[in-house]
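Okay, structure first, notes after.
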Amino acid sequence: MLMTRPRRPLILAVLAVLVAPVIAMPFVPFKTVSLEENRRLAPAPTLPTTPGEWRKLPRAIDAWLADHFGFRDPLMQTAAELQRGLGGEGAAATAVTGRQGQMFLVDGLLRSTGQEVDPARAADYAAFVCEAKARLPGVNVVASLAPSPAEIMPDLAPDWAGPAKSPTEYDLILSGLSKCGVKAVDLRPSLRGARAAGQLVYRKLDSHWALRGSLLAYNEIVPAMGRPEWGIDPKALPWATIALDNGDLPRLAGQPPAFEQVEIHNITGLNPGYARAPIPRIAGRSVQPFMVDMRQPGPTVLIVGDSFTADPLPPYFAPFVGKVAWVHEDRCAFDWRVMAQVKPDYVLFLPAAREAVCDGARPAHFN
């Protein structure tokens, strides 16, 4: 039977839909990992050399085409949204479990192992900090990044996130900061050294560093601020180990809360009589900026950071300063007027490495 004319456009449209993903394959970025599925994608088939390999070739070609056809990512995202809309789980969990039960946040995981590197993104963040320093004459500006756990523990990351490679965006950002004279602190050597010595520097079931890790970071940063006397000897603190089930990663992985062993010390909060106060006329996009007035002579320190710094760092600075303030970095979009309100003597830029992203943004009232 001959094809009827009204059906021809429909059949041609169906053929175009089927062929388009194959035609698009050479023009879409090649990926080795799917973050939608938290797994490594099938590798390209190699030329068989044995009869057994020839038998496996059709299946290898099928797996490769299924993992790399054009428009796969938007189709996967659409399918996940549709599944969520129908009451299913939809996309992959935003946290995963690596080796020895260590959990990791998926966001930024490939960046921390060097599997994903965007030089332009790193250069943009470094340029922002350099521009900020130029707008703060007379202020001691120091910058660092809180490493992602996989940057300190790459051997515990899931198989699909490795192997670890360098340079990472952490390396590129530090390089960019050095070119404009910003005092930049690489926290990775001390954290890796402490971990090699058997110390717990990151939580096992939480996306943040442990108290020992935050204290190590603080002790690396204050000499760069020209204040080595502000250092706190970890051996002088009373440490205890307790079981906590407040880690955020099981929840993000769709799992029930689980206990882990966590070290604590006695500088986990401000002394009685001191409290955080909102910074007047400054509102944060995600978290309210705050200041602590220690009611004693001393300089003012402003921390531009995120959840890695909001809780642990102010108590460390408190005994040595007159005021300590904190504002969420908000991916470079915080309110720059915080500088005029706080009048800092020291500004510390310290976001998590995965949050060192501006996407071209700059603070409100920056110019």
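Every chain in the structure tokens has a letter given in the order shown (A, B, ...), and although residue numbers restart at 1 in each chain, ligands are simply numbered from 1 in the order shown.
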
#### Entry: Selection near segment 176-185 of chain A, 12 Å with only C-alpha atoms, sequence-local residues under 2 positions removed, as a ChimeraX atom specification
/A:119-134,136,139-147,169-174,187-190,217-226,346-350

### Message
Write out as a list in words the set of residues from segment 95-149 of chain A that DSSP, computed on the backbone, places in helix (DSSP H, G or I).
### Response
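Filtering segment 95-149 of chain A to helix (DSSP H, G or I) leaves Arg99, Gln100, Gly101, Leu109, Leu110, Arg111, Ser112, Pro119, Ala120, Arg121, Ala122, Ala123, Asp124, Tyr125, Ala126, Ala127, Phe128, Val129, Cys130, Glu131, Ala132, Lys133, Ala134 and Pro149 of chain A.
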
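Compared by their closest atoms to Phe104 of chain A, and using only C-alpha atoms, the residues A:Ser207, A:Ser175, A:Thr168, A:Ser286 rank with A:Ser207 nearest.
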
Contacts between segment 314-334 of chain A and segment 274-293 of chain A, please, where a residue of segment 274-293 of chain A counts if it comes within 8 Å (with only C-alpha atoms); show its shortest atom pair and distance in Å to one decimal, rows by chain and ascending number, as a Markdown table.
```
| residue | atom | partner | partner_atom | distance |
| --- | --- | --- | --- | --- |
| A:Gly284 | CA | A:Phe334 | CA | 6.6 |
| A:Arg285 | CA | A:Asp330 | CA | 6.9 |
| A:Ser286 | CA | A:Asp330 | CA | 7.2 |
| A:Val287 | CA | A:His328 | CA | 6.4 |
| A:Gln288 | CA | A:Val327 | CA | 7.4 |
| A:Pro289 | CA | A:Val327 | CA | 4.5 |
| A:Phe290 | CA | A:Trp326 | CA | 5.5 |
| A:Met291 | CA | A:Ala325 | CA | 4.0 |
| A:Val292 | CA | A:Val324 | CA | 5.3 |
| A:Asp293 | CA | A:Lys323 | CA | 4.6 |
```

Now that the selection is made, can you save its residues with all heavy atoms as a PDB file, in the first residue's frame?
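Writing done, so here's out-v6.pdb:
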```
ATOM      1  N   GLY A 284      20.372  39.829  54.310  1.00  0.00           N
ATOM      2  CA  GLY A 284      20.991  38.792  53.503  1.00  0.00           C
ATOM      3  C   GLY A 284      19.972  38.132  52.596  1.00  0.00           C
ATOM      4  O   GLY A 284      18.782  38.065  52.903  1.00  0.00           O
ATOM      5  N   ARG A 285      20.427  37.619  51.477  1.00  0.00           N
ATOM      6  CA  ARG A 285      19.537  36.925  50.547  1.00  0.00           C
ATOM      7  C   ARG A 285      19.132  35.557  51.099  1.00  0.00           C
ATOM      8  O   ARG A 285      18.034  35.085  50.859  1.00  0.00           O
ATOM      9  CB  ARG A 285      20.220  36.763  49.189  1.00  0.00           C
ATOM     10  CG  ARG A 285      20.542  38.076  48.490  1.00  0.00           C
ATOM     11  CD  ARG A 285      21.302  37.844  47.201  1.00  0.00           C
ATOM     12  NE  ARG A 285      20.531  37.056  46.246  1.00  0.00           N
ATOM     13  CZ  ARG A 285      20.997  36.623  45.070  1.00  0.00           C
ATOM     14  NH1 ARG A 285      22.254  36.882  44.747  1.00  0.00           N
ATOM     15  NH2 ARG A 285      20.242  35.935  44.252  1.00  0.00           N
ATOM     16  N   SER A 286      20.049  34.921  51.842  1.00  0.00           N
ATOM     17  CA  SER A 286      19.748  33.578  52.359  1.00  0.00           C
ATOM     18  C   SER A 286      19.775  33.534  53.881  1.00  0.00           C
ATOM     19  O   SER A 286      18.951  32.841  54.495  1.00  0.00           O
ATOM     20  CB  SER A 286      20.746  32.564  51.792  1.00  0.00           C
ATOM     21  OG  SER A 286      22.080  32.976  52.029  1.00  0.00           O
ATOM     22  N   VAL A 287      20.717  34.247  54.498  1.00  0.00           N
ATOM     23  CA  VAL A 287      20.856  34.242  55.958  1.00  0.00           C
ATOM     24  C   VAL A 287      21.099  35.673  56.423  1.00  0.00           C
ATOM     25  O   VAL A 287      21.811  36.443  55.767  1.00  0.00           O
ATOM     26  CB  VAL A 287      22.024  33.337  56.411  1.00  0.00           C
ATOM     27  CG1 VAL A 287      22.109  33.283  57.933  1.00  0.00           C
ATOM     28  CG2 VAL A 287      21.871  31.925  55.847  1.00  0.00           C
ATOM     29  N   GLN A 288      20.550  36.038  57.550  1.00  0.00           N
ATOM     30  CA  GLN A 288      20.713  37.387  58.088  1.00  0.00           C
ATOM     31  C   GLN A 288      22.160  37.618  58.545  1.00  0.00           C
ATOM     32  O   GLN A 288      22.680  36.870  59.369  1.00  0.00           O
ATOM     33  CB  GLN A 288      19.772  37.603  59.267  1.00  0.00           C
ATOM     34  CG  GLN A 288      19.937  38.941  59.989  1.00  0.00           C
ATOM     35  CD  GLN A 288      19.650  40.126  59.090  1.00  0.00           C
ATOM     36  OE1 GLN A 288      18.653  40.148  58.386  1.00  0.00           O
ATOM     37  NE2 GLN A 288      20.535  41.112  59.122  1.00  0.00           N
ATOM     38  N   PRO A 289      22.822  38.646  58.034  1.00  0.00           N
ATOM     39  CA  PRO A 289      24.163  38.983  58.531  1.00  0.00           C
ATOM     40  C   PRO A 289      24.097  39.386  60.001  1.00  0.00           C
ATOM     41  O   PRO A 289      23.083  39.908  60.477  1.00  0.00           O
ATOM     42  CB  PRO A 289      24.590  40.164  57.648  1.00  0.00           C
ATOM     43  CG  PRO A 289      23.700  40.099  56.445  1.00  0.00           C
ATOM     44  CD  PRO A 289      22.410  39.517  56.925  1.00  0.00           C
ATOM     45  N   PHE A 290      25.196  39.173  60.719  1.00  0.00           N
ATOM     46  CA  PHE A 290      25.191  39.508  62.147  1.00  0.00           C
ATOM     47  C   PHE A 290      26.538  40.061  62.594  1.00  0.00           C
ATOM     48  O   PHE A 290      27.551  39.921  61.900  1.00  0.00           O
ATOM     49  CB  PHE A 290      24.822  38.277  62.982  1.00  0.00           C
ATOM     50  CG  PHE A 290      25.825  37.151  62.920  1.00  0.00           C
ATOM     51  CD1 PHE A 290      26.965  37.146  63.718  1.00  0.00           C
ATOM     52  CD2 PHE A 290      25.616  36.071  62.072  1.00  0.00           C
ATOM     53  CE1 PHE A 290      27.882  36.105  63.656  1.00  0.00           C
ATOM     54  CE2 PHE A 290      26.528  35.024  62.006  1.00  0.00           C
ATOM     55  CZ  PHE A 290      27.662  35.037  62.807  1.00  0.00           C
ATOM     56  N   MET A 291      26.499  40.701  63.767  1.00  0.00           N
ATOM     57  CA  MET A 291      27.712  41.221  64.383  1.00  0.00           C
ATOM     58  C   MET A 291      27.681  40.886  65.867  1.00  0.00           C
ATOM     59  O   MET A 291      26.611  40.853  66.480  1.00  0.00           O
ATOM     60  CB  MET A 291      27.836  42.740  64.199  1.00  0.00           C
ATOM     61  CG  MET A 291      29.094  43.350  64.824  1.00  0.00           C
ATOM     62  SD  MET A 291      29.129  45.161  64.741  1.00  0.00           S
ATOM     63  CE  MET A 291      29.289  45.400  62.981  1.00  0.00           C
ATOM     64  N   VAL A 292      28.861  40.619  66.426  1.00  0.00           N
ATOM     65  CA  VAL A 292      28.999  40.381  67.861  1.00  0.00           C
ATOM     66  C   VAL A 292      29.924  41.458  68.417  1.00  0.00           C
ATOM     67  O   VAL A 292      31.081  41.575  67.997  1.00  0.00           O
ATOM     68  CB  VAL A 292      29.579  38.988  68.163  1.00  0.00           C
ATOM     69  CG1 VAL A 292      29.684  38.781  69.670  1.00  0.00           C
ATOM     70  CG2 VAL A 292      28.730  37.904  67.517  1.00  0.00           C
ATOM     71  N   ASP A 293      29.398  42.259  69.333  1.00  0.00           N
ATOM     72  CA  ASP A 293      30.192  43.296  69.990  1.00  0.00           C
ATOM     73  C   ASP A 293      30.759  42.714  71.279  1.00  0.00           C
ATOM     74  O   ASP A 293      30.005  42.388  72.209  1.00  0.00           O
ATOM     75  CB  ASP A 293      29.317  44.522  70.274  1.00  0.00           C
ATOM     76  CG  ASP A 293      30.129  45.703  70.796  1.00  0.00           C
ATOM     77  OD1 ASP A 293      31.302  45.523  71.168  1.00  0.00           O
ATOM     78  OD2 ASP A 293      29.565  46.818  70.826  1.00  0.00           O
TER      79      ASP A 293
END
```

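Secondary structure by DSSP on the backbone puts the following residues of segment 106-300 of chain A in strand (DSSP E): Asn140, Val141, Val142, Ala143, Ser144, Lys183, Ala184, Val185, Ala240, Thr241, Ile242, Ala243, Leu244, Glu260, Gln261, Val262, Glu263, Ile264, Ala277, Pro278, Phe290, Met291, Val292, Asp293 and Thr300 of chain A.
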
### Query
In Å to one decimal, how far is atom CA of Gln341 of chain A from atom CA of Arg135 of chain A?
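These two atoms are separated by 14.8 Å.
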
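Residues lying within 9 Å of Arg212 of chain A, counting only C-alpha atoms and ignoring same-chain neighbours fewer than 3 positions away, are A:Gln199, A:Leu200, A:Val201, A:Tyr202, A:Trp209, A:Leu215, A:Leu216, A:Ala217, A:Pro234, A:Glu263, A:Ile264, A:His265.
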